[in-house]
$ cat coords_11.tsv   # TSV, C-alpha atoms
chain	number	residue	atom	x	y	z
A	1	MET	CA	7.62	-180.64	-19.45
A	2	ASN	CA	11.09	-179.61	-20.53
A	3	THR	CA	14.39	-181.45	-20.38
A	4	GLU	CA	17.59	-180.28	-18.74
A	5	PHE	CA	20.73	-181.73	-20.30
A	6	LYS	CA	23.90	-182.12	-18.22
A	7	ILE	CA	27.17	-182.68	-20.07
A	8	LYS	CA	30.60	-183.09	-18.47
A	9	VAL	CA	33.41	-181.77	-20.66
A	10	GLY	CA	37.08	-180.84	-20.37
A	11	GLY	CA	37.91	-177.75	-18.38
A	12	GLN	CA	38.52	-175.27	-21.18
A	13	THR	CA	36.26	-172.79	-22.91
A	14	LYS	CA	36.84	-174.58	-26.22
A	15	ASP	CA	35.15	-177.67	-24.73
A	16	ILE	CA	32.02	-175.67	-23.91
A	17	LEU	CA	32.10	-174.12	-27.37
A	18	ARG	CA	32.21	-177.58	-28.94
A	19	ILE	CA	28.80	-178.38	-27.43
A	20	THR	CA	27.13	-175.06	-28.17
A	21	GLU	CA	28.44	-174.92	-31.74
A	22	LEU	CA	27.42	-178.53	-32.35
A	23	LEU	CA	23.88	-177.75	-31.25
A	24	ALA	CA	23.75	-174.57	-33.33
A	25	GLU	CA	24.84	-176.52	-36.41
A	26	GLN	CA	21.88	-178.86	-35.83
A	27	GLY	CA	19.45	-175.93	-35.52
A	28	VAL	CA	19.04	-176.29	-31.77
A	29	ASN	CA	18.62	-172.97	-29.96
A	30	LEU	CA	19.70	-172.60	-26.34
A	31	VAL	CA	16.93	-171.51	-23.97
A	32	THR	CA	19.39	-171.27	-21.09
A	33	VAL	CA	22.89	-172.50	-20.39
A	34	SER	CA	25.15	-172.66	-17.36
A	35	ALA	CA	28.70	-173.87	-17.03
A	36	GLU	CA	30.61	-174.54	-13.83
A	37	LYS	CA	34.19	-175.69	-13.47
A	38	ILE	CA	34.50	-178.51	-10.96
A	39	GLY	CA	38.03	-179.78	-10.55
A	40	GLU	CA	39.50	-180.29	-14.01
A	41	ASP	CA	36.13	-180.56	-15.76
A	42	VAL	CA	33.23	-178.29	-16.63
A	43	ILE	CA	29.61	-179.25	-16.05
A	44	VAL	CA	27.36	-177.72	-18.70
A	45	ARG	CA	23.62	-177.64	-18.06
A	46	LEU	CA	21.21	-176.48	-20.70
A	47	LEU	CA	17.63	-176.30	-21.83
A	48	THR	CA	17.04	-176.14	-25.56
A	49	SER	CA	14.38	-175.34	-28.11
A	50	ASP	CA	14.24	-178.95	-29.29
A	51	ASP	CA	14.89	-181.83	-26.89
A	52	GLU	CA	14.84	-184.50	-29.59
A	53	ARG	CA	17.32	-182.70	-31.86
A	54	CYS	CA	19.56	-181.99	-28.88
A	55	THR	CA	19.53	-185.66	-27.87
A	56	ASN	CA	20.28	-186.77	-31.42
A	57	ALA	CA	23.13	-184.25	-31.78
A	58	LEU	CA	24.76	-185.30	-28.50
A	59	MET	CA	24.44	-188.99	-29.36
A	60	LYS	CA	25.78	-188.46	-32.88
A	61	ALA	CA	28.79	-186.62	-31.43
A	62	ASP	CA	29.27	-189.50	-28.97
A	63	LEU	CA	29.02	-187.15	-25.99
A	64	GLU	CA	27.95	-188.61	-22.67
A	65	TYR	CA	25.11	-186.70	-21.08
A	66	GLU	CA	22.37	-186.97	-18.51
A	67	ALA	CA	18.85	-185.73	-19.12
A	68	ARG	CA	16.15	-185.06	-16.58
A	69	PRO	CA	12.67	-183.58	-16.80
A	70	VAL	CA	12.25	-180.09	-15.40
A	71	LEU	CA	9.23	-177.91	-14.78
A	72	ILE	CA	8.88	-174.23	-15.59
A	73	ALA	CA	6.75	-172.06	-13.32
A	74	GLU	CA	5.73	-168.62	-14.59
A	75	VAL	CA	4.81	-166.22	-11.79
A	76	GLU	CA	4.37	-162.51	-11.19
A	77	ASP	CA	7.60	-160.58	-10.78
A	78	LYS	CA	7.29	-159.72	-7.12
A	79	PRO	CA	8.97	-160.79	-3.89
A	80	GLY	CA	8.16	-164.21	-2.49
A	81	GLN	CA	7.00	-165.90	-5.68
A	82	TRP	CA	9.71	-168.57	-5.77
A	83	ALA	CA	9.02	-169.36	-2.11
A	84	SER	CA	5.30	-169.61	-2.83
A	85	VAL	CA	5.82	-172.21	-5.57
A	86	ALA	CA	8.40	-174.08	-3.47
A	87	ARG	CA	6.03	-174.14	-0.47
A	88	LYS	CA	3.19	-175.62	-2.56
A	89	LEU	CA	5.51	-178.30	-3.94
A	90	SER	CA	6.82	-179.11	-0.47
A	91	GLU	CA	3.36	-179.29	1.09
A	92	ALA	CA	2.38	-181.81	-1.61
A	93	GLY	CA	5.40	-183.96	-0.75
A	94	VAL	CA	7.40	-182.97	-3.84
A	95	GLU	CA	11.10	-182.41	-3.14
A	96	ILE	CA	13.09	-179.83	-5.10
A	97	GLU	CA	16.39	-181.20	-6.44
A	98	ALA	CA	17.44	-178.01	-8.23
A	99	SER	CA	15.95	-174.66	-9.18
A	100	TYR	CA	17.06	-171.51	-10.95
A	101	LEU	CA	15.72	-168.37	-12.59
A	102	LEU	CA	15.09	-168.80	-16.31
A	103	SER	CA	13.87	-165.30	-17.23
A	104	ARG	CA	12.48	-162.07	-15.90
A	105	ASP	CA	10.86	-159.24	-17.82
A	106	GLY	CA	9.58	-156.91	-15.08
A	107	GLU	CA	6.06	-158.35	-15.12
A	108	LYS	CA	6.69	-162.10	-15.09
A	109	MET	CA	9.44	-164.43	-13.93
A	110	LYS	CA	10.05	-168.02	-14.99
A	111	PHE	CA	11.72	-170.48	-12.65
A	112	VAL	CA	13.00	-173.94	-13.51
A	113	PHE	CA	12.37	-176.71	-10.99
A	114	ALA	CA	13.87	-180.20	-11.05
A	115	VAL	CA	11.86	-182.31	-8.63
A	116	ASN	CA	11.70	-185.90	-7.40
A	117	ASP	CA	8.19	-186.42	-8.83
A	118	PRO	CA	7.85	-184.44	-12.10
A	119	LYS	CA	4.29	-185.59	-12.82
A	120	LYS	CA	2.97	-184.55	-9.43
A	121	GLY	CA	5.07	-181.38	-9.51
A	122	ALA	CA	3.62	-180.42	-12.91
A	123	GLU	CA	0.08	-180.82	-11.53
A	124	ILE	CA	0.91	-178.59	-8.55
A	125	ILE	CA	2.49	-175.89	-10.71
A	126	LEU	CA	-0.37	-175.99	-13.23
A	127	ARG	CA	-2.94	-175.50	-10.46
A	128	ASN	CA	-1.04	-172.75	-8.67
A	129	THR	CA	0.59	-170.50	-11.25

$ encode --input "coords_11.tsv" --output "structure tokens"
Amino acid sequence: MNTEFKIKVGGQTKDILRITELLAEQGVNLVTVSAEKIGEDVIVRLLTSDDERCTNALMKADLEYEARPVLIAEVEDKPGQWASVARKLSEAGVEIEASYLLSRDGEKMKFVFAVNDPKKGAEIILRNT
């Protein structure tokens, strides 16, 4: 299981840079990052190469953050694959809280799923992808 980190920062690019540069200085590589301006702030969400180092770096910098477990489903790169995974999760009673495309190479796609029951969701994804 992976961890998605959510950090709320000021609304300028320099605030986003502070986080990404801090992580780079600690040897933490970004697997994916998104940033969205909401009001006067920016919400940064990221997955990293090293959850423990990321946590330590954010704590050391006294940055408030939220962390949640996320699942990664690797599927064939063809239409309907996200829906297929989502359907299996739903049929098992697992609710999707968030999802997004992580990567695509023409043969495979990887989707990130944040769900209400990560353990059960991981079992479903493992059996069906």

$ residues_around --input "coords_11.tsv" --residues "A:Glu95" --least-positions-apart "2" --cutoff "8 Å" --atoms "only C-alpha atoms" --output "list of chain:residue names"
A:Leu89, A:Ser90, A:Gly93, A:Glu97, A:Val115, A:Asn116, A:Asp117

$ residues_around --input "coords_11.tsv" --residues "stretch 43-47 of chain A" --least-positions-apart "2" --cutoff "9 Å" --atoms "only C-alpha atoms" --output "ChimeraX atom specification"
/A:2-11,16,19,29-38,41,49-51

$ write_last_selection --input "coords_11.tsv" --atoms "C-alpha atoms" --output "mmCIF file, in the frame of the given file"
data_model
loop_
_atom_site.group_PDB
_atom_site.id
_atom_site.type_symbol
_atom_site.label_atom_id
_atom_site.label_comp_id
_atom_site.auth_asym_id
_atom_site.auth_seq_id
_atom_site.Cartn_x
_atom_site.Cartn_y
_atom_site.Cartn_z
ATOM 1 C CA ASN A 2 11.090 -179.610 -20.530
ATOM 2 C CA THR A 3 14.390 -181.450 -20.380
ATOM 3 C CA GLU A 4 17.590 -180.280 -18.740
ATOM 4 C CA PHE A 5 20.730 -181.730 -20.300
ATOM 5 C CA LYS A 6 23.900 -182.120 -18.220
ATOM 6 C CA ILE A 7 27.170 -182.680 -20.070
ATOM 7 C CA LYS A 8 30.600 -183.090 -18.470
ATOM 8 C CA VAL A 9 33.410 -181.770 -20.660
ATOM 9 C CA GLY A 10 37.080 -180.840 -20.370
ATOM 10 C CA GLY A 11 37.910 -177.750 -18.380
ATOM 11 C CA ILE A 16 32.020 -175.670 -23.910
ATOM 12 C CA ILE A 19 28.800 -178.380 -27.430
ATOM 13 C CA ASN A 29 18.620 -172.970 -29.960
ATOM 14 C CA LEU A 30 19.700 -172.600 -26.340
ATOM 15 C CA VAL A 31 16.930 -171.510 -23.970
ATOM 16 C CA THR A 32 19.390 -171.270 -21.090
ATOM 17 C CA VAL A 33 22.890 -172.500 -20.390
ATOM 18 C CA SER A 34 25.150 -172.660 -17.360
ATOM 19 C CA ALA A 35 28.700 -173.870 -17.030
ATOM 20 C CA GLU A 36 30.610 -174.540 -13.830
ATOM 21 C CA LYS A 37 34.190 -175.690 -13.470
ATOM 22 C CA ILE A 38 34.500 -178.510 -10.960
ATOM 23 C CA ASP A 41 36.130 -180.560 -15.760
ATOM 24 C CA SER A 49 14.380 -175.340 -28.110
ATOM 25 C CA ASP A 50 14.240 -178.950 -29.290
ATOM 26 C CA ASP A 51 14.890 -181.830 -26.890
#

$ residues_around --input "coords_11.tsv" --residues "A:Glu76" --least-positions-apart "3" --cutoff "8 Å" --atoms "all atoms listed in the file" --output "PyMOL selection string"
chain A and resi 81+107-109

$ residues_around --input "coords_11.tsv" --residues "A:Gly106" --least-positions-apart "2" --cutoff "12 Å" --atoms "all atoms listed in the file" --output "list of chain:residue names"
A:Val75, A:Glu76, A:Asp77, A:Lys78, A:Pro79, A:Ser103, A:Arg104, A:Lys108, A:Met109, A:Lys110

$ write_last_selection --input "coords_11.tsv" --atoms "C-alpha atoms" --output "JSON list (two decimals), keeping the file's coordinate frame"
[["chain", "number", "residue", "atom", "x", "y", "z"],
["A", 75, "VAL", "CA", 4.81, -166.22, -11.79],
["A", 76, "GLU", "CA", 4.37, -162.51, -11.19],
["A", 77, "ASP", "CA", 7.60, -160.58, -10.78],
["A", 78, "LYS", "CA", 7.29, -159.72, -7.12],
["A", 79, "PRO", "CA", 8.97, -160.79, -3.89],
["A", 103, "SER", "CA", 13.87, -165.30, -17.23],
["A", 104, "ARG", "CA", 12.48, -162.07, -15.90],
["A", 108, "LYS", "CA", 6.69, -162.10, -15.09],
["A", 109, "MET", "CA", 9.44, -164.43, -13.93],
["A", 110, "LYS", "CA", 10.05, -168.02, -14.99]]

$ residues_around --input "coords_11.tsv" --residues "A:Phe113" --least-positions-apart "5" --cutoff "6 Å" --atoms "only C-alpha atoms" --output "ChimeraX atom specification"
/A:70-71,98-99

$ axis_aligned_box --input "coords_11.tsv" --around "stretch 103-112 of chain A" --padding-each-side "6 Å" --output "AutoDock Vina command-line options"
--center_x 10.0 --center_y -165.4 --center_z -15.2 --size_x 19.8 --size_y 29.0 --size_z 17.2

$ atom_distance --input "coords_11.tsv" --atom1 "atom CA of A:Tyr100" --atom2 "atom CA of A:Leu126"
18.1 Å

$ decode --input "coords_11.tsv" --residues "stretch 32-50 of chain A" --atoms "N, CA, C and O atoms" --output "PDB file, in the first residue's frame"
ATOM      1  N   THR A  32       4.162  11.111  -8.019  1.00  0.00           N
ATOM      2  CA  THR A  32       3.190  11.975  -8.682  1.00  0.00           C
ATOM      3  C   THR A  32       2.890  13.150  -7.768  1.00  0.00           C
ATOM      4  O   THR A  32       3.050  13.057  -6.553  1.00  0.00           O
ATOM      5  N   VAL A  33       2.477  14.247  -8.365  1.00  0.00           N
ATOM      6  CA  VAL A  33       2.143  15.436  -7.589  1.00  0.00           C
ATOM      7  C   VAL A  33       1.004  16.169  -8.291  1.00  0.00           C
ATOM      8  O   VAL A  33       0.937  16.194  -9.524  1.00  0.00           O
ATOM      9  N   SER A  34       0.107  16.718  -7.495  1.00  0.00           N
ATOM     10  CA  SER A  34      -0.920  17.605  -8.037  1.00  0.00           C
ATOM     11  C   SER A  34      -1.037  18.797  -7.101  1.00  0.00           C
ATOM     12  O   SER A  34      -0.764  18.685  -5.907  1.00  0.00           O
ATOM     13  N   ALA A  35      -1.413  19.909  -7.672  1.00  0.00           N
ATOM     14  CA  ALA A  35      -1.602  21.127  -6.883  1.00  0.00           C
ATOM     15  C   ALA A  35      -2.837  21.834  -7.415  1.00  0.00           C
ATOM     16  O   ALA A  35      -3.008  21.981  -8.622  1.00  0.00           O
ATOM     17  N   GLU A  36      -3.691  22.261  -6.482  1.00  0.00           N
ATOM     18  CA  GLU A  36      -4.922  22.938  -6.868  1.00  0.00           C
ATOM     19  C   GLU A  36      -5.146  24.124  -5.946  1.00  0.00           C
ATOM     20  O   GLU A  36      -5.131  23.986  -4.724  1.00  0.00           O
ATOM     21  N   LYS A  37      -5.352  25.280  -6.563  1.00  0.00           N
ATOM     22  CA  LYS A  37      -5.629  26.480  -5.776  1.00  0.00           C
ATOM     23  C   LYS A  37      -7.098  26.485  -5.386  1.00  0.00           C
ATOM     24  O   LYS A  37      -7.988  26.371  -6.220  1.00  0.00           O
ATOM     25  N   ILE A  38      -7.317  26.596  -4.075  1.00  0.00           N
ATOM     26  CA  ILE A  38      -8.670  26.672  -3.531  1.00  0.00           C
ATOM     27  C   ILE A  38      -8.705  27.907  -2.639  1.00  0.00           C
ATOM     28  O   ILE A  38      -8.067  27.935  -1.593  1.00  0.00           O
ATOM     29  N   GLY A  39      -9.423  28.906  -3.077  1.00  0.00           N
ATOM     30  CA  GLY A  39      -9.438  30.168  -2.340  1.00  0.00           C
ATOM     31  C   GLY A  39      -8.054  30.794  -2.373  1.00  0.00           C
ATOM     32  O   GLY A  39      -7.456  30.954  -3.426  1.00  0.00           O
ATOM     33  N   GLU A  40      -7.530  31.102  -1.204  1.00  0.00           N
ATOM     34  CA  GLU A  40      -6.211  31.724  -1.103  1.00  0.00           C
ATOM     35  C   GLU A  40      -5.085  30.706  -0.911  1.00  0.00           C
ATOM     36  O   GLU A  40      -3.912  31.082  -0.869  1.00  0.00           O
ATOM     37  N   ASP A  41      -5.434  29.429  -0.784  1.00  0.00           N
ATOM     38  CA  ASP A  41      -4.450  28.394  -0.512  1.00  0.00           C
ATOM     39  C   ASP A  41      -4.298  27.444  -1.688  1.00  0.00           C
ATOM     40  O   ASP A  41      -5.122  27.426  -2.604  1.00  0.00           O
ATOM     41  N   VAL A  42      -3.255  26.629  -1.623  1.00  0.00           N
ATOM     42  CA  VAL A  42      -3.041  25.566  -2.593  1.00  0.00           C
ATOM     43  C   VAL A  42      -3.020  24.250  -1.824  1.00  0.00           C
ATOM     44  O   VAL A  42      -2.376  24.138  -0.783  1.00  0.00           O
ATOM     45  N   ILE A  43      -3.729  23.264  -2.363  1.00  0.00           N
ATOM     46  CA  ILE A  43      -3.702  21.916  -1.812  1.00  0.00           C
ATOM     47  C   ILE A  43      -2.760  21.100  -2.697  1.00  0.00           C
ATOM     48  O   ILE A  43      -2.986  20.965  -3.893  1.00  0.00           O
ATOM     49  N   VAL A  44      -1.705  20.595  -2.081  1.00  0.00           N
ATOM     50  CA  VAL A  44      -0.729  19.762  -2.782  1.00  0.00           C
ATOM     51  C   VAL A  44      -0.949  18.325  -2.346  1.00  0.00           C
ATOM     52  O   VAL A  44      -1.022  18.038  -1.148  1.00  0.00           O
ATOM     53  N   ARG A  45      -1.096  17.433  -3.317  1.00  0.00           N
ATOM     54  CA  ARG A  45      -1.221  16.007  -3.034  1.00  0.00           C
ATOM     55  C   ARG A  45      -0.072  15.311  -3.740  1.00  0.00           C
ATOM     56  O   ARG A  45       0.220  15.608  -4.898  1.00  0.00           O
ATOM     57  N   LEU A  46       0.559  14.384  -3.026  1.00  0.00           N
ATOM     58  CA  LEU A  46       1.676  13.689  -3.651  1.00  0.00           C
ATOM     59  C   LEU A  46       1.859  12.284  -3.133  1.00  0.00           C
ATOM     60  O   LEU A  46       1.450  11.954  -2.026  1.00  0.00           O
ATOM     61  N   LEU A  47       2.425  11.461  -3.994  1.00  0.00           N
ATOM     62  CA  LEU A  47       2.926  10.150  -3.631  1.00  0.00           C
ATOM     63  C   LEU A  47       4.426  10.228  -3.832  1.00  0.00           C
ATOM     64  O   LEU A  47       4.895  10.889  -4.774  1.00  0.00           O
ATOM     65  N   THR A  48       5.170   9.559  -2.959  1.00  0.00           N
ATOM     66  CA  THR A  48       6.618   9.664  -3.017  1.00  0.00           C
ATOM     67  C   THR A  48       7.275   8.289  -3.064  1.00  0.00           C
ATOM     68  O   THR A  48       6.627   7.261  -2.872  1.00  0.00           O
ATOM     69  N   SER A  49       8.571   8.319  -3.268  1.00  0.00           N
ATOM     70  CA  SER A  49       9.359   7.088  -3.305  1.00  0.00           C
ATOM     71  C   SER A  49       9.636   6.531  -1.920  1.00  0.00           C
ATOM     72  O   SER A  49      10.037   5.381  -1.776  1.00  0.00           O
ATOM     73  N   ASP A  50       9.418   7.344  -0.883  1.00  0.00           N
ATOM     74  CA  ASP A  50       9.773   6.917   0.472  1.00  0.00           C
ATOM     75  C   ASP A  50       8.846   7.606   1.472  1.00  0.00           C
ATOM     76  O   ASP A  50       9.074   8.750   1.865  1.00  0.00           O
TER      77      ASP A  50
END
